[in-house]
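Okay, final_36.cif is below, mmCIF, C-alpha atoms:
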```
data_protein
#
loop_
_atom_site.label_atom_id
_atom_site.label_comp_id
_atom_site.auth_asym_id
_atom_site.auth_seq_id
_atom_site.Cartn_x
_atom_site.Cartn_y
_atom_site.Cartn_z
CA MET C 1 3.74 17.40 -40.42
CA LYS C 2 4.32 15.35 -43.55
CA PHE C 3 1.87 13.19 -45.47
CA GLY C 4 2.11 9.78 -47.05
CA MET C 5 -0.18 7.48 -49.00
CA PHE C 6 -0.74 3.82 -48.14
CA PHE C 7 -1.08 1.05 -50.74
CA GLU C 8 -1.80 -2.67 -50.36
CA HIS C 9 -2.98 -3.61 -53.87
CA GLN C 10 -6.28 -5.03 -52.68
CA VAL C 11 -8.14 -7.21 -55.20
CA PRO C 12 -11.47 -8.33 -53.72
CA ARG C 13 -13.31 -11.28 -55.23
CA PRO C 14 -14.95 -12.11 -57.55
CA TRP C 15 -11.93 -11.81 -59.83
CA GLU C 16 -11.92 -11.09 -63.52
CA ASP C 17 -8.99 -11.30 -65.93
CA GLY C 18 -6.98 -8.10 -65.72
CA ASP C 19 -8.06 -7.09 -62.21
CA GLU C 20 -4.54 -7.21 -60.78
CA ALA C 21 -3.11 -5.29 -63.75
CA ARG C 22 -5.83 -2.64 -63.32
CA VAL C 23 -5.14 -2.24 -59.60
CA PHE C 24 -1.41 -1.85 -60.24
CA ALA C 25 -1.96 0.66 -63.06
CA GLU C 26 -4.38 2.73 -60.99
CA ALA C 27 -1.96 2.80 -58.06
CA LEU C 28 0.76 4.09 -60.38
CA GLU C 29 -1.51 6.92 -61.53
CA GLN C 30 -2.46 7.78 -57.96
CA ILE C 31 1.19 7.98 -56.92
CA GLU C 32 2.03 10.13 -59.93
CA LEU C 33 -0.69 12.54 -58.80
CA ALA C 34 0.55 12.38 -55.20
CA ASP C 35 4.01 13.29 -56.44
CA ARG C 36 2.68 16.34 -58.29
CA ILE C 37 0.55 17.69 -55.45
CA GLY C 38 3.21 17.44 -52.74
CA ILE C 39 2.51 14.20 -50.83
CA ASP C 40 5.80 13.25 -49.20
CA CYS C 41 5.88 9.45 -49.40
CA ALA C 42 4.17 6.46 -51.06
CA TRP C 43 4.16 3.48 -48.70
CA LEU C 44 3.66 -0.03 -50.07
CA VAL C 45 3.27 -3.21 -48.03
CA GLU C 46 4.90 -6.60 -48.56
CA HIS C 47 2.51 -9.48 -47.98
CA HIS C 48 2.48 -13.09 -49.08
CA PHE C 49 -0.52 -15.39 -49.56
CA LEU C 50 -3.03 -12.83 -48.17
CA GLU C 51 -5.32 -12.97 -51.19
CA GLU C 52 -7.88 -10.22 -51.69
CA TYR C 53 -6.38 -8.24 -48.80
CA SER C 54 -3.00 -7.63 -50.44
CA HIS C 55 -1.53 -8.70 -53.77
CA SER C 56 1.71 -6.82 -53.10
CA SER C 57 4.25 -9.61 -52.75
CA ALA C 58 7.13 -7.92 -54.62
CA PRO C 59 6.92 -4.24 -53.62
CA GLU C 60 10.46 -3.45 -54.70
CA ILE C 61 9.51 -4.15 -58.32
CA PHE C 62 6.44 -1.93 -58.17
CA LEU C 63 8.39 0.83 -56.42
CA GLY C 64 11.07 0.51 -59.09
CA ALA C 65 8.40 1.36 -61.65
CA VAL C 66 7.23 4.26 -59.46
CA SER C 67 10.80 5.58 -59.30
CA GLN C 68 10.78 6.13 -63.06
CA ARG C 69 7.40 7.88 -63.13
CA THR C 70 7.93 10.35 -60.28
CA GLN C 71 10.37 13.09 -59.36
CA ARG C 72 10.26 13.91 -55.66
CA ILE C 73 7.95 11.60 -53.69
CA ARG C 74 9.79 9.21 -51.41
CA LEU C 75 9.37 5.45 -51.84
CA GLY C 76 8.48 3.67 -48.64
CA HIS C 77 8.61 -0.02 -47.86
CA GLY C 78 5.78 -0.21 -45.39
CA ILE C 79 7.11 -2.77 -44.66
CA MET C 80 9.67 -5.23 -46.08
CA HIS C 81 9.86 -8.48 -44.14
CA THR C 82 13.37 -8.66 -42.66
CA VAL C 83 12.93 -12.09 -41.10
CA PRO C 84 15.77 -14.04 -42.81
CA MET C 85 13.60 -17.06 -43.66
CA ILE C 86 11.41 -14.76 -45.76
CA ASN C 87 14.04 -12.34 -47.12
CA HIS C 88 17.75 -13.01 -46.72
CA PRO C 89 19.46 -9.87 -45.40
CA ALA C 90 21.96 -9.70 -48.27
CA ARG C 91 19.06 -9.77 -50.74
CA VAL C 92 17.25 -7.14 -48.67
CA ALA C 93 20.30 -4.86 -48.88
CA GLU C 94 20.70 -5.43 -52.62
CA ARG C 95 17.06 -4.59 -53.32
CA ILE C 96 16.99 -1.52 -51.06
CA ALA C 97 20.23 -0.16 -52.54
CA THR C 98 19.14 -0.80 -56.12
CA LEU C 99 15.85 1.04 -55.54
CA ASP C 100 17.73 3.90 -53.87
CA VAL C 101 20.03 4.22 -56.88
CA LEU C 102 17.15 4.05 -59.37
CA SER C 103 15.15 6.67 -57.46
CA GLY C 104 18.01 9.09 -56.87
CA GLY C 105 18.07 8.47 -53.11
CA ARG C 106 14.37 8.46 -52.22
CA VAL C 107 13.95 5.18 -50.29
CA GLU C 108 12.40 4.83 -46.83
CA PHE C 109 13.39 1.39 -45.48
CA GLY C 110 10.45 0.12 -43.44
CA THR C 111 11.07 -3.23 -41.74
CA GLY C 112 8.86 -5.73 -39.97
CA GLU C 113 8.45 -9.27 -38.73
CA GLY C 114 4.87 -10.16 -39.72
CA SER C 115 2.27 -11.85 -37.57
CA ALA C 116 -0.18 -13.63 -39.91
CA ALA C 117 -0.16 -17.43 -39.77
CA ALA C 118 -0.59 -17.58 -43.55
CA GLU C 119 2.75 -15.83 -43.99
CA LEU C 120 4.86 -17.06 -41.06
CA ASP C 121 3.77 -20.70 -41.29
CA GLY C 122 4.12 -20.56 -45.07
CA PHE C 123 7.82 -19.75 -44.74
CA GLY C 124 8.40 -22.01 -41.74
CA VAL C 125 8.88 -19.16 -39.26
CA ASP C 126 8.27 -19.98 -35.59
CA PRO C 127 6.19 -17.05 -34.24
CA GLY C 128 8.13 -17.28 -30.97
CA ASP C 129 11.36 -16.51 -32.82
CA LYS C 130 10.19 -13.79 -35.19
CA ARG C 131 11.22 -10.81 -33.07
CA ALA C 132 14.77 -12.12 -32.68
CA MET C 133 14.81 -13.00 -36.38
CA TRP C 134 13.68 -9.49 -37.31
CA GLU C 135 16.39 -7.90 -35.19
CA GLU C 136 19.22 -10.07 -36.50
CA GLY C 137 18.03 -9.85 -40.11
CA THR C 138 17.69 -6.07 -39.92
CA ARG C 139 21.11 -5.60 -38.31
CA VAL C 140 22.83 -7.72 -40.94
CA ALA C 141 20.99 -6.02 -43.81
CA LEU C 142 22.05 -2.59 -42.55
CA ARG C 143 25.64 -3.72 -42.20
CA CYS C 144 25.51 -5.07 -45.78
CA LEU C 145 24.36 -1.62 -46.90
CA SER C 146 27.01 0.35 -45.03
CA GLU C 147 30.13 -1.86 -44.76
CA THR C 148 32.70 -2.07 -47.59
CA PRO C 149 33.15 -4.97 -47.48
CA PHE C 150 30.64 -6.61 -45.17
CA ALA C 151 32.82 -8.29 -42.57
CA GLY C 152 30.69 -11.42 -42.11
CA HIS C 153 28.23 -12.65 -39.53
CA ALA C 154 27.55 -15.93 -37.73
CA GLY C 155 24.42 -15.69 -35.61
CA ASP C 156 21.40 -17.72 -34.60
CA TYR C 157 19.49 -17.13 -37.84
CA VAL C 158 21.99 -15.74 -40.35
CA ARG C 159 25.39 -17.03 -41.43
CA LEU C 160 27.06 -14.94 -44.10
CA ALA C 161 30.76 -14.90 -44.98
CA PRO C 162 32.51 -11.61 -45.81
CA ARG C 163 31.26 -10.17 -49.07
CA ASN C 164 31.08 -6.74 -50.63
CA VAL C 165 27.36 -6.23 -51.20
CA VAL C 166 26.73 -4.02 -54.24
CA PRO C 167 25.34 -1.65 -55.28
CA LYS C 168 25.58 0.75 -52.37
CA PRO C 169 22.72 3.17 -51.73
CA ILE C 170 22.90 6.84 -52.61
CA GLN C 171 21.74 7.74 -49.10
CA ARG C 172 24.68 7.13 -46.80
CA PRO C 173 25.22 5.24 -44.61
CA HIS C 174 21.80 3.81 -45.55
CA PRO C 175 18.22 5.00 -46.17
CA PRO C 176 16.08 5.96 -43.14
CA VAL C 177 14.95 2.88 -41.23
CA TRP C 178 11.49 2.24 -39.76
CA VAL C 179 9.67 -0.64 -38.07
CA ALA C 180 5.98 -1.53 -38.19
CA CYS C 181 4.21 -0.89 -34.87
CA THR C 182 0.77 -1.95 -33.70
CA ARG C 183 1.26 -1.49 -29.94
CA ARG C 184 2.95 1.02 -27.68
CA ALA C 185 5.53 -1.62 -26.76
CA THR C 186 6.66 -1.83 -30.39
CA ILE C 187 6.86 1.96 -30.61
CA GLN C 188 9.20 1.88 -27.61
CA LEU C 189 11.19 -0.85 -29.41
CA ALA C 190 11.56 1.49 -32.41
CA ALA C 191 12.82 4.27 -30.15
CA ARG C 192 15.31 1.97 -28.40
CA HIS C 193 16.76 1.07 -31.81
CA GLY C 194 16.84 4.68 -33.03
CA ILE C 195 14.47 4.06 -35.95
CA GLY C 196 11.13 5.43 -37.06
CA ALA C 197 7.85 4.02 -35.79
CA LEU C 198 5.29 3.15 -38.48
CA SER C 199 2.04 2.87 -36.55
CA PHE C 200 -0.57 0.86 -38.38
CA ALA C 201 -3.07 0.94 -35.52
CA PHE C 202 -6.21 2.97 -36.15
CA SER C 203 -5.84 5.49 -33.34
CA ASP C 204 -7.26 8.91 -32.63
CA PRO C 205 -4.82 11.81 -32.38
CA GLU C 206 -5.21 12.11 -28.61
CA GLU C 207 -4.21 8.47 -28.20
CA ALA C 208 -1.31 9.01 -30.58
CA SER C 209 -0.03 11.79 -28.32
CA LEU C 210 0.77 9.16 -25.67
CA TRP C 211 2.74 7.21 -28.25
CA VAL C 212 4.65 10.30 -29.35
CA GLY C 213 5.67 11.09 -25.79
CA ASP C 214 6.77 7.51 -25.15
CA TYR C 215 8.72 7.40 -28.39
CA TYR C 216 10.80 10.53 -27.91
CA GLU C 217 11.39 9.94 -24.20
CA THR C 218 12.57 6.38 -24.85
CA LEU C 219 14.77 7.52 -27.74
CA SER C 220 16.45 10.12 -25.53
CA THR C 221 17.05 7.85 -22.53
CA GLU C 222 17.51 4.37 -24.04
CA GLY C 223 18.17 4.76 -27.77
CA ILE C 224 21.04 2.71 -29.22
CA PRO C 225 21.06 2.70 -33.05
CA ILE C 226 20.49 -0.60 -34.78
CA GLY C 227 22.05 0.99 -37.88
CA ASP C 228 24.44 3.85 -38.49
CA ALA C 229 21.95 6.72 -38.44
CA VAL C 230 18.99 7.78 -36.30
CA ASN C 231 15.57 8.20 -37.89
CA ALA C 232 13.54 10.03 -35.23
CA ASN C 233 10.02 9.94 -36.65
CA LEU C 234 6.61 8.58 -35.76
CA ALA C 235 3.98 8.04 -38.46
CA CYS C 236 0.33 6.98 -38.21
CA VAL C 237 -2.04 5.51 -40.82
CA THR C 238 -5.61 6.76 -41.10
CA GLY C 239 -8.51 6.14 -43.43
CA PHE C 240 -9.05 9.05 -45.81
CA PHE C 241 -11.56 10.43 -48.29
CA CYS C 242 -12.15 14.09 -49.06
CA HIS C 243 -15.30 15.56 -50.62
CA ASP C 244 -17.21 18.82 -50.33
CA ASP C 245 -20.16 16.79 -49.06
CA GLU C 246 -19.47 14.85 -45.87
CA ASN C 247 -21.98 12.12 -46.61
CA GLU C 248 -20.54 11.60 -50.07
CA ALA C 249 -17.01 11.33 -48.67
CA VAL C 250 -18.19 8.59 -46.34
CA ARG C 251 -20.24 6.87 -49.04
CA ARG C 252 -17.20 6.74 -51.31
CA GLY C 253 -14.61 5.72 -48.74
CA ALA C 254 -16.05 3.90 -45.74
CA GLU C 255 -16.69 0.53 -47.34
CA GLY C 256 -13.10 0.21 -48.53
CA THR C 257 -11.56 1.42 -45.27
CA ASN C 258 -13.66 -1.02 -43.26
CA PHE C 259 -12.69 -3.84 -45.62
CA ILE C 260 -9.08 -3.25 -44.57
CA GLY C 261 -10.08 -3.63 -40.92
CA TYR C 262 -12.14 -6.74 -41.58
CA SER C 263 -9.37 -8.32 -43.69
CA LEU C 264 -6.85 -7.73 -40.91
CA GLY C 265 -9.19 -9.45 -38.50
CA HIS C 266 -9.66 -12.37 -40.89
CA TYR C 267 -5.96 -13.03 -41.43
CA TYR C 268 -4.61 -12.00 -38.04
CA VAL C 269 -7.32 -12.73 -35.46
CA PHE C 270 -10.51 -14.68 -36.14
CA GLY C 271 -10.40 -16.10 -39.66
CA ARG C 272 -10.12 -19.64 -41.04
CA HIS C 273 -8.62 -19.09 -44.46
CA ARG C 274 -8.80 -21.57 -47.34
CA PRO C 275 -6.03 -20.85 -49.88
CA GLY C 276 -7.50 -20.27 -53.31
CA GLY C 277 -11.02 -20.68 -51.95
CA GLY C 278 -13.58 -18.70 -50.11
CA ASN C 279 -14.60 -15.13 -50.79
CA LEU C 280 -13.31 -12.60 -48.29
CA TRP C 281 -15.26 -9.71 -49.84
CA ALA C 282 -18.56 -11.64 -49.62
CA GLU C 283 -17.75 -12.69 -46.07
CA TYR C 284 -17.07 -9.06 -45.22
CA GLN C 285 -20.41 -7.99 -46.65
CA GLN C 286 -22.16 -10.62 -44.55
CA ARG C 287 -20.32 -10.31 -41.23
CA ARG C 288 -18.84 -6.80 -41.10
CA THR C 289 -21.38 -5.47 -38.61
CA GLU C 290 -20.87 -8.23 -36.06
CA LYS C 291 -17.08 -7.82 -36.29
CA GLY C 292 -17.15 -4.05 -35.77
CA PHE C 293 -16.29 -2.91 -39.30
CA ASP C 294 -19.60 -1.50 -40.45
CA PRO C 295 -19.50 1.31 -43.05
CA GLU C 296 -23.18 1.97 -42.32
CA ALA C 297 -22.25 3.02 -38.79
CA VAL C 298 -19.88 5.57 -40.30
CA ALA C 299 -22.62 6.82 -42.61
CA LEU C 300 -25.07 7.17 -39.73
CA ALA C 301 -22.51 9.16 -37.73
CA ALA C 302 -21.90 11.57 -40.60
CA GLY C 303 -23.48 14.95 -39.96
CA SER C 304 -24.02 14.20 -36.27
CA SER C 305 -21.73 17.05 -35.16
CA GLN C 306 -19.12 14.54 -33.97
CA THR C 307 -15.50 15.48 -34.68
CA LEU C 308 -13.76 13.02 -36.97
CA GLY C 309 -12.25 10.01 -35.26
CA ALA C 310 -10.53 6.77 -36.13
CA THR C 311 -13.58 4.81 -35.01
CA VAL C 312 -17.28 5.55 -34.68
CA ALA C 313 -20.16 3.92 -32.83
CA GLN C 314 -23.74 4.46 -33.90
CA GLU C 315 -26.95 2.60 -33.02
CA GLY C 316 -25.17 -0.41 -31.57
CA SER C 317 -22.64 -0.90 -34.38
CA SER C 318 -19.15 0.44 -34.99
CA GLY C 319 -16.76 1.07 -37.85
CA LEU C 320 -13.60 2.81 -38.97
CA ARG C 321 -13.64 6.38 -40.21
CA GLY C 322 -10.50 8.45 -39.73
CA ALA C 323 -10.08 11.40 -42.10
CA MET C 324 -13.24 11.00 -44.15
CA GLY C 325 -15.21 14.19 -44.59
CA THR C 326 -15.13 17.70 -45.95
CA PRO C 327 -11.89 19.64 -46.35
CA ALA C 328 -12.68 21.63 -43.20
CA GLN C 329 -13.34 18.49 -41.16
CA ILE C 330 -10.18 16.80 -42.43
CA ARG C 331 -8.14 19.93 -41.76
CA ASP C 332 -9.28 20.00 -38.14
CA TYR C 333 -8.69 16.26 -37.71
CA LEU C 334 -5.16 16.44 -39.11
CA ARG C 335 -4.33 19.50 -37.01
CA ARG C 336 -5.01 17.36 -33.95
CA TYR C 337 -2.30 14.95 -35.11
CA GLU C 338 0.00 17.87 -35.83
CA ASP C 339 -0.62 19.35 -32.37
CA CYS C 340 0.18 15.97 -30.77
CA GLY C 341 3.59 15.87 -32.45
CA VAL C 342 2.99 13.11 -35.02
CA ASP C 343 5.62 13.49 -37.76
CA GLN C 344 3.69 11.98 -40.66
CA VAL C 345 0.09 10.98 -41.32
CA ILE C 346 -0.27 8.25 -43.95
CA LEU C 347 -3.57 8.43 -45.84
CA SER C 348 -5.29 5.18 -46.80
CA CYS C 349 -7.94 5.45 -49.51
CA SER C 350 -6.96 2.84 -52.13
CA ALA C 351 -8.93 0.06 -50.49
CA GLY C 352 -11.58 -2.51 -51.25
CA ARG C 353 -13.63 -1.46 -54.25
CA ASN C 354 -13.04 2.29 -53.87
CA ARG C 355 -13.19 3.82 -57.34
CA HIS C 356 -10.05 5.16 -58.97
CA ASP C 357 -11.73 8.33 -60.23
CA HIS C 358 -13.10 9.06 -56.76
CA ILE C 359 -9.64 8.62 -55.24
CA MET C 360 -8.11 11.01 -57.76
CA GLU C 361 -10.82 13.61 -57.11
CA SER C 362 -10.29 13.24 -53.36
CA LEU C 363 -6.55 13.84 -53.67
CA GLU C 364 -7.01 16.86 -55.91
CA LEU C 365 -9.47 18.47 -53.49
CA PHE C 366 -7.17 17.72 -50.56
CA ALA C 367 -4.28 19.34 -52.44
CA ARG C 368 -6.28 22.51 -53.11
CA GLU C 369 -8.03 22.98 -49.78
CA VAL C 370 -5.97 21.31 -47.03
CA LEU C 371 -2.39 20.41 -47.90
CA PRO C 372 -0.79 23.85 -48.56
CA GLU C 373 -0.99 25.16 -44.99
CA PHE C 374 0.53 21.95 -43.59
CA MET C 375 3.37 22.10 -46.11
CA GLU C 376 4.09 25.70 -45.14
CA ARG C 377 4.20 24.89 -41.42
CA ASP C 378 6.28 21.76 -42.02
CA GLU C 379 9.22 23.72 -43.41
CA ARG C 380 9.53 25.64 -40.16
CA HIS C 381 8.81 22.58 -38.08
CA GLN C 382 11.58 20.54 -39.70
CA ARG C 383 14.16 23.24 -38.94
CA GLU C 384 13.03 23.49 -35.33
CA LYS C 385 12.92 19.73 -34.93
CA ALA C 386 16.43 19.30 -36.33
CA ASP C 387 17.80 21.89 -33.87
CA ARG C 388 15.91 20.37 -30.94
CA LEU C 389 16.96 16.78 -31.66
CA ALA C 390 20.57 17.40 -32.67
CA PRO C 391 21.99 16.87 -29.14
CA VAL C 392 19.66 13.90 -28.56
CA ILE C 393 20.78 12.21 -31.78
CA ALA C 394 24.44 12.88 -30.98
CA THR C 395 23.96 11.20 -27.59
CA VAL C 396 22.14 8.25 -29.14
CA MET C 397 24.82 7.75 -31.80
CA ALA C 398 27.54 7.89 -29.13
CA ARG C 399 25.95 4.83 -27.49
CA LYS C 400 26.47 2.63 -30.56
CA PRO C 401 29.01 -0.10 -29.73
CA ALA C 402 32.09 -0.29 -31.92
CA ALA C 403 31.57 -4.06 -31.99
CA ASP C 404 28.55 -3.54 -34.26
CA HIS C 405 31.08 -3.23 -37.10
CA PRO C 406 33.67 -5.99 -36.60
CA PRO C 407 36.99 -5.63 -38.42
CA VAL C 408 37.51 -7.34 -41.74
CA ASP C 409 40.12 -10.08 -41.88
CA PRO C 410 42.74 -8.55 -44.21
CA ASP C 411 43.77 -12.00 -45.45
CA TYR C 412 40.25 -13.19 -46.29
CA GLU C 413 39.78 -14.17 -49.92
CA ILE C 414 37.34 -16.19 -52.01
CA PRO C 415 39.19 -18.64 -54.29
CA ALA C 416 37.36 -19.73 -57.43
CA TYR C 417 36.25 -23.36 -57.28
CA PRO C 418 39.17 -24.73 -59.37
CA ARG C 419 41.61 -22.89 -57.07
CA GLN C 420 39.82 -24.41 -54.08
CA ASP C 421 40.24 -27.85 -55.64
CA ALA C 422 43.94 -27.21 -56.24
CA ASP C 423 44.40 -25.95 -52.67
CA ARG C 424 42.55 -28.94 -51.24
CA GLN C 425 44.54 -31.43 -53.35
CA GLU C 426 47.80 -29.61 -52.54
CA SER C 427 48.56 -30.10 -56.22
CA GLY C 428 51.44 -27.99 -57.50
CA LYS C 429 50.75 -29.22 -61.02
CA PHE C 430 47.13 -28.07 -60.94
CA GLN C 431 48.21 -24.70 -59.50
CA ARG C 432 50.77 -24.25 -62.31
CA TRP C 433 48.14 -25.15 -64.90
CA LEU C 434 45.80 -22.50 -63.49
CA ASP C 435 48.60 -19.93 -63.49
CA ASP C 436 49.44 -20.79 -67.10
CA TYR C 437 45.75 -20.59 -68.04
CA THR C 438 45.53 -17.14 -66.42
CA ALA C 439 48.59 -15.92 -68.34
CA ARG C 440 47.20 -17.17 -71.66
CA ILE C 441 43.88 -15.36 -71.07
CA ALA C 442 45.75 -12.18 -70.19
CA ALA C 443 47.71 -12.49 -73.43
CA GLY C 444 44.51 -12.77 -75.45
CA GLU C 445 45.01 -16.39 -76.44
CA ASP C 446 41.96 -18.49 -77.44
CA VAL C 447 41.77 -20.99 -74.60
CA SER C 448 38.45 -22.58 -75.51
CA LYS C 449 40.11 -25.76 -76.82
CA ARG C 450 42.05 -26.14 -73.59
CA LEU C 451 38.72 -26.22 -71.70
CA SER C 452 37.01 -28.82 -73.91
#
```
Would you put the structure from the file into structure tokens?
Amino acid sequence: MKFGMFFEHQVPRPWEDGDEARVFAEALEQIELADRIGIDCAWLVEHHFLEEYSHSSAPEIFLGAVSQRTQRIRLGHGIMHTVPMINHPARVAERIATLDVLSGGRVEFGTGEGSAAAELDGFGVDPGDKRAMWEEGTRVALRCLSETPFAGHAGDYVRLAPRNVVPKPIQRPHPPVWVACTRRATIQLAARHGIGALSFAFSDPEEASLWVGDYYETLSTEGIPIGDAVNANLACVTGFFCHDDENEAVRRGAEGTNFIGYSLGHYYVFGRHRPGGGNLWAEYQQRRTEKGFDPEAVALAAGSSQTLGATVAQEGSSGLRGAMGTPAQIRDYLRRYEDCGVDQVILSCSAGRNRHDHIMESLELFAREVLPEFMERDERHQREKADRLAPVIATVMARKPAADHPPVDPDYEIPAYPRQDADRQESGKFQRWLDDYTARIAAGEDVSKRLS
């Protein structure tokens, strides 16, 4: 089983000058450490207008910086919005390919459609259309990455004439593709499209085992690739904090992890958000218990002989916990995910007001006491998995329709605007002038006076 780290660039109020710069700088240091200790992937969200919860609106720029400060860790969009009204698919392809080139082929292309009113309404996206928009936008972006040239598309949400989208990624035909999943139905959608499932639901390993079974069964029986390669993987996010003392691990990590849960509820379920106003952190402090995101419930459960779980309930309140505890507790918790067949666990600890030095200490302890045995088993597991899935992936790829890559019109060309004017006017004189102008440029003549 592999491991990732999850970043949202949270900046809770009250804000002071330099807070955003500090959060970005600390995240860079944390990813540099993750790269050194053997974490497999750094996942960064893309969100718009979700203040305090996420100030990561241009993840490709941040990940570009990460690419120059790391050597081996993979760079995950977790996720990039591929709804065309938010990100045009040609621009998506250009950004993904550029990051892949900069990083030496380390990109994981996570996609998603979004579901917060602040984002969808802000870009004029009808929530009833977002799934169809995601599918069309993702298909076109993947074709832009793999086709030379892109043969063009005229659909319900994207119209793009033939163009050769450059640069091309190092990973061919394109980087591994994922989709954000919060329900089993979306995990099945990922499998049907032959892409990885990024599960952002806070689930216990035993619940995840149902998702794993659904995913691989659906992939085998119904999978038809949305792109030109199959990415057969299922990943889960969990809260994380490691310390030799269980109570201290919870004290350091629970408030931040539960702020993530409360913020999700605010923007996606029960909140009434005032742009540029309000104070989500203060609201969380006041209402977290009634909404089921109480770090005190996690603290009360610590030391109660319970095995670690995604959620806890104690004395009438509940909260999120996940992998917060001692190295031994975390090892046992993660082994449950490993035993259930989860391919990657993504650790979330950079949340709320969690301290940077505590996060670094937590990662270092995890690297010493927990990570090595999982890395050792993963090498064998990856070989066995590749052998087991080879015939499945071959069958899935064989189902891909040839029509997914339409032929390019061999006569298609893009005349420069003056040529278009000459064609439209059917002016032989204008055409001859343009030909003469071309010849003079080729001969090295100064033509600036002819243009004035």
Inset, instruction - Would you translate the PyMOL selection byres ((chain C and resi 114-120) around 10) into the concrete set of residues it matches in this file, as JSON, numbers by chain? - result: {"C": [46, 47, 48, 49, 50, 79, 80, 81, 82, 83, 85, 86, 111, 112, 113, 121, 122, 123, 124, 125, 126, 127, 130, 131, 134, 180, 264, 266, 267, 268, 269, 273, 274, 275]}
Legend entry - Shortest interatomic distance to Lys2 of chain C - which of C:Arg419, C:His358, C:Arg163, C:His381, counting all atoms listed in the file: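 Using all atoms listed in the file, the shortest distance to Lys2 of chain C belongs to C:His381.
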Care to translate the PyMOL selection byres ((chain C and resi 7-22) around 8) into actual residues of this file, as a PDB file with C-alpha atoms, in the coordinates of the input?
```pdb
ATOM      1  CA  MET C   5      -0.180   7.480 -49.000  1.00  0.00           C
ATOM      2  CA  PHE C   6      -0.740   3.820 -48.140  1.00  0.00           C
ATOM      3  CA  VAL C  23      -5.140  -2.240 -59.600  1.00  0.00           C
ATOM      4  CA  PHE C  24      -1.410  -1.850 -60.240  1.00  0.00           C
ATOM      5  CA  ALA C  25      -1.960   0.660 -63.060  1.00  0.00           C
ATOM      6  CA  GLU C  26      -4.380   2.730 -60.990  1.00  0.00           C
ATOM      7  CA  ALA C  27      -1.960   2.800 -58.060  1.00  0.00           C
ATOM      8  CA  ALA C  42       4.170   6.460 -51.060  1.00  0.00           C
ATOM      9  CA  TRP C  43       4.160   3.480 -48.700  1.00  0.00           C
ATOM     10  CA  LEU C  44       3.660  -0.030 -50.070  1.00  0.00           C
ATOM     11  CA  VAL C  45       3.270  -3.210 -48.030  1.00  0.00           C
ATOM     12  CA  GLU C  46       4.900  -6.600 -48.560  1.00  0.00           C
ATOM     13  CA  GLU C  51      -5.320 -12.970 -51.190  1.00  0.00           C
ATOM     14  CA  GLU C  52      -7.880 -10.220 -51.690  1.00  0.00           C
ATOM     15  CA  TYR C  53      -6.380  -8.240 -48.800  1.00  0.00           C
ATOM     16  CA  SER C  54      -3.000  -7.630 -50.440  1.00  0.00           C
ATOM     17  CA  HIS C  55      -1.530  -8.700 -53.770  1.00  0.00           C
ATOM     18  CA  SER C  56       1.710  -6.820 -53.100  1.00  0.00           C
ATOM     19  CA  ASN C 279     -14.600 -15.130 -50.790  1.00  0.00           C
ATOM     20  CA  LEU C 280     -13.310 -12.600 -48.290  1.00  0.00           C
ATOM     21  CA  TRP C 281     -15.260  -9.710 -49.840  1.00  0.00           C
ATOM     22  CA  ALA C 282     -18.560 -11.640 -49.620  1.00  0.00           C
ATOM     23  CA  SER C 348      -5.290   5.180 -46.800  1.00  0.00           C
ATOM     24  CA  SER C 350      -6.960   2.840 -52.130  1.00  0.00           C
ATOM     25  CA  ALA C 351      -8.930   0.060 -50.490  1.00  0.00           C
ATOM     26  CA  GLY C 352     -11.580  -2.510 -51.250  1.00  0.00           C
ATOM     27  CA  ARG C 353     -13.630  -1.460 -54.250  1.00  0.00           C
TER      28      ARG C 353
END
```
Inset, instruction - Convert the output of the PyMOL selection byres ((chain C and resi 94-101) around 9) on the shown file into explicit residues, formatted as an MDAnalysis selection string. - result: chainID C and resid 60:61 63:64 67 75 89:93 102:109 141 144:145 165:171 174:175
Legend entry - Spatial neighbours of segment 402-407 of chain C, max dist 9 Å, only C-alpha atoms, sep filter under 3 positions, as an NGL selection string: :C and (139 or 143 or 147 or 150-152 or 226-227 or 410)
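Note that the spacing between atom CA of Gly38 of chain C and atom CA of Met375 of chain C amounts to 8.1 Å.
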Inset, instruction - Tell me which of C:Leu371, C:Leu389, C:Ala161, C:Leu189 sits closest to Pro225 of chain C, counting all atoms listed in the file. - result: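 Of the candidates, the smallest distance to Pro225 of chain C is held by C:Leu189.
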Inset, instruction - Go through C:Leu300, C:Ala367, C:Met1, C:Val212 one by one, measure the shortest atom-to-atom distance of each to Arg321 of chain C using only C-alpha atoms, and give the residue with the smallest value. - result: C:Leu300
Inset, instruction - Between atom CA of Phe200 of chain C and atom CA of Glu338 of chain C, measure the distance and give it in Å to one decimal. - result: 17.2 Å
